[in-house]
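To start, the structure itself, in structure tokens.
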Amino acid sequence: MRIALLDDQALIRDALKIRLSLEADFSVTGTYTTSRELTEGLRTQPTDLLVLDYQLAAGELDGLRLIQSIHLQHQYLRIVIYSAAENPATINMCIRAGAKGFVGKSQETDELLRAIRMAVQDRIYLAPAMAAELEKLPVPHWQKTV
């Protein structure tokens with residue numbers, strides 16, 4: 001599984017790269033600091049899944065717009081959000097925009113691994129406590145029936 005990482009904090013980005021590289025079925029194909037770097041990297045580097053920080057530095061696209069933009073350009077790419085913005089409204093918006101999972105930075109790293117594996121299977125991951133707060137799992141806008 002080829003994974004790209006976008007986080008504006010070097011310590012988080014480097015730690016995630018090291019941890020994900022320990023998994024036999026994971027290959028970190030790119031680490032990015034900005035949405036522009038990510039966009040350029042995705043054009044040239046085959047990637048199956050993106051771990052994306054929702055809150056980036058000032059002047060960057062917000063997480064919601066970035067999810068939507070990536071989903072339009074790379075429909076095959078699975079996105080898992082890894083963020084400190086662990087509130088129900090943000091989580092709901094991310095899933096509706098096309099993210100396959102949301103892992104809070106306060107959660108254990110094993111939850112991120114679980115979310116990545118579920119996302120690649122085209123399943124949505126939310127921690128049980130998050131799912132309970134949302135009452136029901138959000139449905140991405142393109143999967144809704146009329």
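Just so we're on the same page: first chain in the structure tokens is A, next is B, and so on; residues restart at 1 for each chain, and ligands are numbered from 1 in the order they show up.
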Could you list, as a short mmCIF file (atom, residue, chain, number, x, y, z; two decimals) with N, CA and C atoms, in the first residue's frame, every residue within 9 Å of segment 68-82 of chain A, counting only C-alpha atoms and ignoring same-chain residues fewer than 6 positions away?
```cif
data_model
loop_
_atom_site.label_atom_id
_atom_site.label_comp_id
_atom_site.auth_asym_id
_atom_site.auth_seq_id
_atom_site.Cartn_x
_atom_site.Cartn_y
_atom_site.Cartn_z
N ASP A 7 1.43 16.92 6.48
CA ASP A 7 1.30 17.58 7.78
C ASP A 7 2.30 18.71 7.79
N THR A 39 0.05 18.32 -4.13
CA THR A 39 -0.58 18.30 -5.45
C THR A 39 0.44 17.92 -6.52
N LEU A 42 1.47 14.15 -6.06
CA LEU A 42 0.46 13.18 -6.49
C LEU A 42 0.42 13.03 -8.00
N THR A 47 0.15 6.71 -5.68
CA THR A 47 -0.23 6.68 -4.28
C THR A 47 -1.62 6.07 -4.15
N ASP A 48 -1.79 5.22 -3.15
CA ASP A 48 -3.08 4.58 -2.89
C ASP A 48 -3.88 5.31 -1.81
N LEU A 49 -3.17 5.91 -0.86
CA LEU A 49 -3.84 6.51 0.29
C LEU A 49 -3.07 7.73 0.76
N LEU A 50 -3.81 8.72 1.22
CA LEU A 50 -3.23 9.94 1.76
C LEU A 50 -3.65 10.11 3.21
N VAL A 51 -2.68 10.32 4.09
CA VAL A 51 -2.94 10.69 5.47
C VAL A 51 -2.78 12.21 5.50
N LEU A 52 -3.86 12.89 5.82
CA LEU A 52 -3.93 14.34 5.68
C LEU A 52 -4.27 15.01 6.99
N ASP A 53 -3.46 15.97 7.39
CA ASP A 53 -3.79 16.81 8.54
C ASP A 53 -4.85 17.80 8.10
N TYR A 54 -5.91 17.94 8.88
CA TYR A 54 -7.01 18.83 8.51
C TYR A 54 -6.64 20.30 8.66
N ILE A 91 -15.56 16.33 11.72
CA ILE A 91 -15.53 14.93 11.31
C ILE A 91 -16.61 14.66 10.26
N CYS A 94 -15.69 16.17 6.89
CA CYS A 94 -14.61 15.43 6.23
C CYS A 94 -15.13 14.17 5.54
N ALA A 97 -17.21 14.99 2.56
CA ALA A 97 -16.39 15.49 1.44
C ALA A 97 -15.63 14.38 0.73
N GLY A 98 -15.54 13.21 1.36
CA GLY A 98 -14.89 12.10 0.69
C GLY A 98 -13.81 11.39 1.47
N ALA A 99 -13.49 11.84 2.67
CA ALA A 99 -12.49 11.13 3.48
C ALA A 99 -13.05 9.77 3.88
N LYS A 100 -12.19 8.79 3.95
CA LYS A 100 -12.60 7.43 4.33
C LYS A 100 -12.40 7.17 5.81
N GLY A 101 -11.84 8.12 6.51
CA GLY A 101 -11.65 7.94 7.94
C GLY A 101 -11.18 9.20 8.60
N PHE A 102 -11.36 9.24 9.91
CA PHE A 102 -10.92 10.37 10.71
C PHE A 102 -10.33 9.82 11.99
N VAL A 103 -9.07 10.15 12.23
CA VAL A 103 -8.38 9.74 13.44
C VAL A 103 -7.90 10.99 14.15
N GLY A 104 -8.29 11.12 15.41
CA GLY A 104 -7.85 12.27 16.19
C GLY A 104 -6.41 12.08 16.65
N LYS A 105 -5.68 13.16 16.73
CA LYS A 105 -4.29 13.08 17.17
C LYS A 105 -4.18 12.65 18.63
N LEU A 112 -4.80 4.79 13.83
CA LEU A 112 -4.47 5.28 12.49
C LEU A 112 -4.18 4.11 11.56
N ALA A 115 -7.45 2.60 10.65
CA ALA A 115 -8.17 3.47 9.71
C ALA A 115 -7.62 3.34 8.29
N ILE A 116 -6.31 3.27 8.16
CA ILE A 116 -5.69 3.13 6.84
C ILE A 116 -6.11 1.81 6.20
N ALA A 119 -9.75 2.01 5.14
CA ALA A 119 -9.94 2.91 4.00
C ALA A 119 -9.56 2.23 2.69
N VAL A 120 -8.49 1.47 2.70
CA VAL A 120 -8.06 0.78 1.49
C VAL A 120 -9.10 -0.26 1.07
N ASP A 122 -12.11 0.34 1.21
CA ASP A 122 -13.24 1.21 0.87
C ASP A 122 -14.30 1.25 1.97
N TYR A 125 -13.75 4.59 8.52
CA TYR A 125 -13.32 4.38 9.89
C TYR A 125 -13.60 5.61 10.74
#
```
task = Mind checking which residues fall within 9 Å of Tyr32 of chain A, counting only C-alpha atoms, ignoring those fewer than 4 positions away in the same chain, and posting them as a ChimeraX atom specification?
result = /A:4-8,13,36-38,41
Atom CA of Thr109 of chain A to atom CA of Glu40 of chain A measures 27.6 Å
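Nearest to Asp110 of chain A of all the residues A:Arg65, A:Arg43, A:Arg2, A:Arg19 is A:Arg19, based on only C-alpha atoms.
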As a PyMOL selection string, please: the residues near Phe26 of chain A (cut-off 8 Å, only C-alpha atoms, same-chain neighbours under 3 positions excluded). chain A and resi 1-3+20-23
Keeping only C-alpha atoms, write the selected residues as a compact mmCIF listing (two decimals), in the first residue's frame.
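As a result, selection.txt now contains:
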```txt
# COMPACT_ATOMS: atom_id res chain seq x y z
CA MET A 1 0.00 0.00 0.00
CA ARG A 2 1.55 3.28 -1.15
CA ILE A 3 0.92 6.10 1.34
CA LEU A 20 4.10 3.64 8.98
CA SER A 21 7.33 2.34 7.46
CA LEU A 22 7.44 -0.33 10.18
CA GLU A 23 4.36 -1.99 8.68
```
Name the residues of segment 15-83 of chain A that come out as strand (DSSP E or B) in a backbone DSSP run; write them as a PDB file with N, CA and C atoms, in the first residue's frame.
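Heads up, here's the output in selection19.pdb:
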```
ATOM      1  N   SER A  27       4.106   1.392   2.367  1.00  0.00           N
ATOM      2  CA  SER A  27       5.270   2.057   1.785  1.00  0.00           C
ATOM      3  C   SER A  27       4.963   3.543   1.721  1.00  0.00           C
ATOM      4  N   VAL A  28       5.722   4.348   2.440  1.00  0.00           N
ATOM      5  CA  VAL A  28       5.512   5.796   2.412  1.00  0.00           C
ATOM      6  C   VAL A  28       6.191   6.335   1.165  1.00  0.00           C
ATOM      7  N   THR A  29       5.362   6.811   0.226  1.00  0.00           N
ATOM      8  CA  THR A  29       5.872   7.249  -1.075  1.00  0.00           C
ATOM      9  C   THR A  29       6.176   8.734  -1.139  1.00  0.00           C
ATOM     10  N   GLY A  30       5.677   9.486  -0.170  1.00  0.00           N
ATOM     11  CA  GLY A  30       5.948  10.911  -0.160  1.00  0.00           C
ATOM     12  C   GLY A  30       5.484  11.548   1.134  1.00  0.00           C
ATOM     13  N   THR A  31       6.253  12.538   1.583  1.00  0.00           N
ATOM     14  CA  THR A  31       5.854  13.340   2.734  1.00  0.00           C
ATOM     15  C   THR A  31       5.859  14.800   2.289  1.00  0.00           C
ATOM     16  N   TYR A  32       4.815  15.510   2.680  1.00  0.00           N
ATOM     17  CA  TYR A  32       4.633  16.865   2.169  1.00  0.00           C
ATOM     18  C   TYR A  32       4.299  17.823   3.302  1.00  0.00           C
ATOM     19  N   LEU A  49      -3.169   5.913  -0.857  1.00  0.00           N
ATOM     20  CA  LEU A  49      -3.838   6.511   0.286  1.00  0.00           C
ATOM     21  C   LEU A  49      -3.070   7.727   0.762  1.00  0.00           C
ATOM     22  N   LEU A  50      -3.815   8.719   1.221  1.00  0.00           N
ATOM     23  CA  LEU A  50      -3.230   9.942   1.759  1.00  0.00           C
ATOM     24  C   LEU A  50      -3.650  10.107   3.210  1.00  0.00           C
ATOM     25  N   VAL A  51      -2.675  10.315   4.087  1.00  0.00           N
ATOM     26  CA  VAL A  51      -2.939  10.694   5.469  1.00  0.00           C
ATOM     27  C   VAL A  51      -2.777  12.210   5.503  1.00  0.00           C
ATOM     28  N   LEU A  52      -3.860  12.886   5.820  1.00  0.00           N
ATOM     29  CA  LEU A  52      -3.934  14.342   5.678  1.00  0.00           C
ATOM     30  C   LEU A  52      -4.273  15.007   6.992  1.00  0.00           C
ATOM     31  N   ARG A  78      -7.652   7.130  -1.611  1.00  0.00           N
ATOM     32  CA  ARG A  78      -8.354   7.107  -0.329  1.00  0.00           C
ATOM     33  C   ARG A  78      -7.701   8.129   0.590  1.00  0.00           C
ATOM     34  N   ILE A  79      -8.504   8.825   1.370  1.00  0.00           N
ATOM     35  CA  ILE A  79      -8.002   9.863   2.270  1.00  0.00           C
ATOM     36  C   ILE A  79      -8.420   9.531   3.702  1.00  0.00           C
ATOM     37  N   VAL A  80      -7.441   9.565   4.598  1.00  0.00           N
ATOM     38  CA  VAL A  80      -7.698   9.442   6.030  1.00  0.00           C
ATOM     39  C   VAL A  80      -7.207  10.735   6.679  1.00  0.00           C
ATOM     40  N   ILE A  81      -8.081  11.351   7.433  1.00  0.00           N
ATOM     41  CA  ILE A  81      -7.737  12.583   8.130  1.00  0.00           C
ATOM     42  C   ILE A  81      -7.112  12.221   9.473  1.00  0.00           C
ATOM     43  N   TYR A  82      -6.011  12.903   9.802  1.00  0.00           N
ATOM     44  CA  TYR A  82      -5.330  12.740  11.079  1.00  0.00           C
ATOM     45  C   TYR A  82      -5.199  14.141  11.652  1.00  0.00           C
ATOM     46  N   SER A  83      -6.022  14.465  12.659  1.00  0.00           N
ATOM     47  CA  SER A  83      -6.126  15.857  13.064  1.00  0.00           C
ATOM     48  C   SER A  83      -6.445  16.030  14.539  1.00  0.00           C
TER      49      SER A  83
END
```
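Atom CA of Ile124 of chain A lies 26.0 Å from atom CA of Glu60 of chain A.
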Secondary structure check, helix (DSSP H, G or I) residues of segment 23-73 of chain A, as a PDB file with N, CA and C atoms, in the first residue's frame:
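In the end it all went to out.pdb:
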```pdb
ATOM      1  N   SER A  35       0.056  21.995   0.713  1.00  0.00           N
ATOM      2  CA  SER A  35      -0.885  21.428  -0.260  1.00  0.00           C
ATOM      3  C   SER A  35      -0.323  21.505  -1.678  1.00  0.00           C
ATOM      4  N   ARG A  36       0.451  22.523  -1.953  1.00  0.00           N
ATOM      5  CA  ARG A  36       1.072  22.652  -3.283  1.00  0.00           C
ATOM      6  C   ARG A  36       2.068  21.515  -3.522  1.00  0.00           C
ATOM      7  N   GLU A  37       2.914  21.233  -2.541  1.00  0.00           N
ATOM      8  CA  GLU A  37       3.857  20.112  -2.663  1.00  0.00           C
ATOM      9  C   GLU A  37       3.099  18.805  -2.876  1.00  0.00           C
ATOM     10  N   LEU A  38       2.036  18.623  -2.113  1.00  0.00           N
ATOM     11  CA  LEU A  38       1.230  17.405  -2.228  1.00  0.00           C
ATOM     12  C   LEU A  38       0.650  17.268  -3.624  1.00  0.00           C
ATOM     13  N   THR A  39       0.047  18.323  -4.125  1.00  0.00           N
ATOM     14  CA  THR A  39      -0.576  18.296  -5.446  1.00  0.00           C
ATOM     15  C   THR A  39       0.441  17.919  -6.520  1.00  0.00           C
ATOM     16  N   GLU A  40       1.630  18.510  -6.442  1.00  0.00           N
ATOM     17  CA  GLU A  40       2.683  18.186  -7.409  1.00  0.00           C
ATOM     18  C   GLU A  40       3.149  16.741  -7.244  1.00  0.00           C
ATOM     19  N   GLY A  41       3.292  16.292  -6.003  1.00  0.00           N
ATOM     20  CA  GLY A  41       3.744  14.936  -5.739  1.00  0.00           C
ATOM     21  C   GLY A  41       2.767  13.886  -6.229  1.00  0.00           C
ATOM     22  N   LEU A  42       1.470  14.147  -6.057  1.00  0.00           N
ATOM     23  CA  LEU A  42       0.456  13.184  -6.485  1.00  0.00           C
ATOM     24  C   LEU A  42       0.416  13.028  -8.002  1.00  0.00           C
ATOM     25  N   ARG A  43       0.862  14.044  -8.728  1.00  0.00           N
ATOM     26  CA  ARG A  43       0.897  13.957 -10.192  1.00  0.00           C
ATOM     27  C   ARG A  43       1.958  12.967 -10.679  1.00  0.00           C
ATOM     28  N   THR A  44       3.028  12.824  -9.906  1.00  0.00           N
ATOM     29  CA  THR A  44       4.154  12.020 -10.378  1.00  0.00           C
ATOM     30  C   THR A  44       4.388  10.740  -9.591  1.00  0.00           C
ATOM     31  N   GLY A  63      -8.760  22.139   5.243  1.00  0.00           N
ATOM     32  CA  GLY A  63      -8.870  20.698   5.054  1.00  0.00           C
ATOM     33  C   GLY A  63     -10.031  20.288   4.175  1.00  0.00           C
ATOM     34  N   LEU A  64     -11.177  20.927   4.357  1.00  0.00           N
ATOM     35  CA  LEU A  64     -12.359  20.568   3.586  1.00  0.00           C
ATOM     36  C   LEU A  64     -12.136  20.800   2.088  1.00  0.00           C
ATOM     37  N   ARG A  65     -11.627  21.958   1.734  1.00  0.00           N
ATOM     38  CA  ARG A  65     -11.371  22.245   0.311  1.00  0.00           C
ATOM     39  C   ARG A  65     -10.299  21.328  -0.266  1.00  0.00           C
ATOM     40  N   LEU A  66      -9.322  21.007   0.547  1.00  0.00           N
ATOM     41  CA  LEU A  66      -8.262  20.121   0.072  1.00  0.00           C
ATOM     42  C   LEU A  66      -8.803  18.711  -0.187  1.00  0.00           C
ATOM     43  N   ILE A  67      -9.638  18.202   0.700  1.00  0.00           N
ATOM     44  CA  ILE A  67     -10.254  16.888   0.494  1.00  0.00           C
ATOM     45  C   ILE A  67     -11.054  16.896  -0.805  1.00  0.00           C
ATOM     46  N   GLN A  68     -11.869  17.916  -0.987  1.00  0.00           N
ATOM     47  CA  GLN A  68     -12.706  18.005  -2.190  1.00  0.00           C
ATOM     48  C   GLN A  68     -11.855  18.086  -3.452  1.00  0.00           C
ATOM     49  N   SER A  69     -10.819  18.906  -3.421  1.00  0.00           N
ATOM     50  CA  SER A  69      -9.947  19.076  -4.574  1.00  0.00           C
ATOM     51  C   SER A  69      -9.224  17.772  -4.925  1.00  0.00           C
ATOM     52  N   ILE A  70      -8.679  17.117  -3.924  1.00  0.00           N
ATOM     53  CA  ILE A  70      -7.975  15.855  -4.158  1.00  0.00           C
ATOM     54  C   ILE A  70      -8.937  14.808  -4.692  1.00  0.00           C
ATOM     55  N   HIS A  71     -10.122  14.756  -4.108  1.00  0.00           N
ATOM     56  CA  HIS A  71     -11.098  13.758  -4.544  1.00  0.00           C
ATOM     57  C   HIS A  71     -11.502  13.972  -6.013  1.00  0.00           C
ATOM     58  N   LEU A  72     -11.615  15.211  -6.425  1.00  0.00           N
ATOM     59  CA  LEU A  72     -11.966  15.488  -7.825  1.00  0.00           C
ATOM     60  C   LEU A  72     -10.845  15.085  -8.782  1.00  0.00           C
ATOM     61  N   GLN A  73      -9.601  15.333  -8.390  1.00  0.00           N
ATOM     62  CA  GLN A  73      -8.468  15.059  -9.268  1.00  0.00           C
ATOM     63  C   GLN A  73      -7.986  13.608  -9.209  1.00  0.00           C
TER      64      GLN A  73
END
```
One decimal place gives the atom CA of Gln55 of chain A-atom CA of Gln9 of chain A separation as 10.4 Å
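Using only C-alpha atoms for every distance, the candidate list A:Thr34, A:Ile95, A:Glu86, A:Ser106 yields A:Glu86 as the residue closest to Glu133 of chain A.
When only C-alpha atoms are used to measure the gap to Ala24 of chain A, the shortest distance among A:Ala57, A:Leu134, A:Leu113, A:Met93 belongs to A:Leu113.
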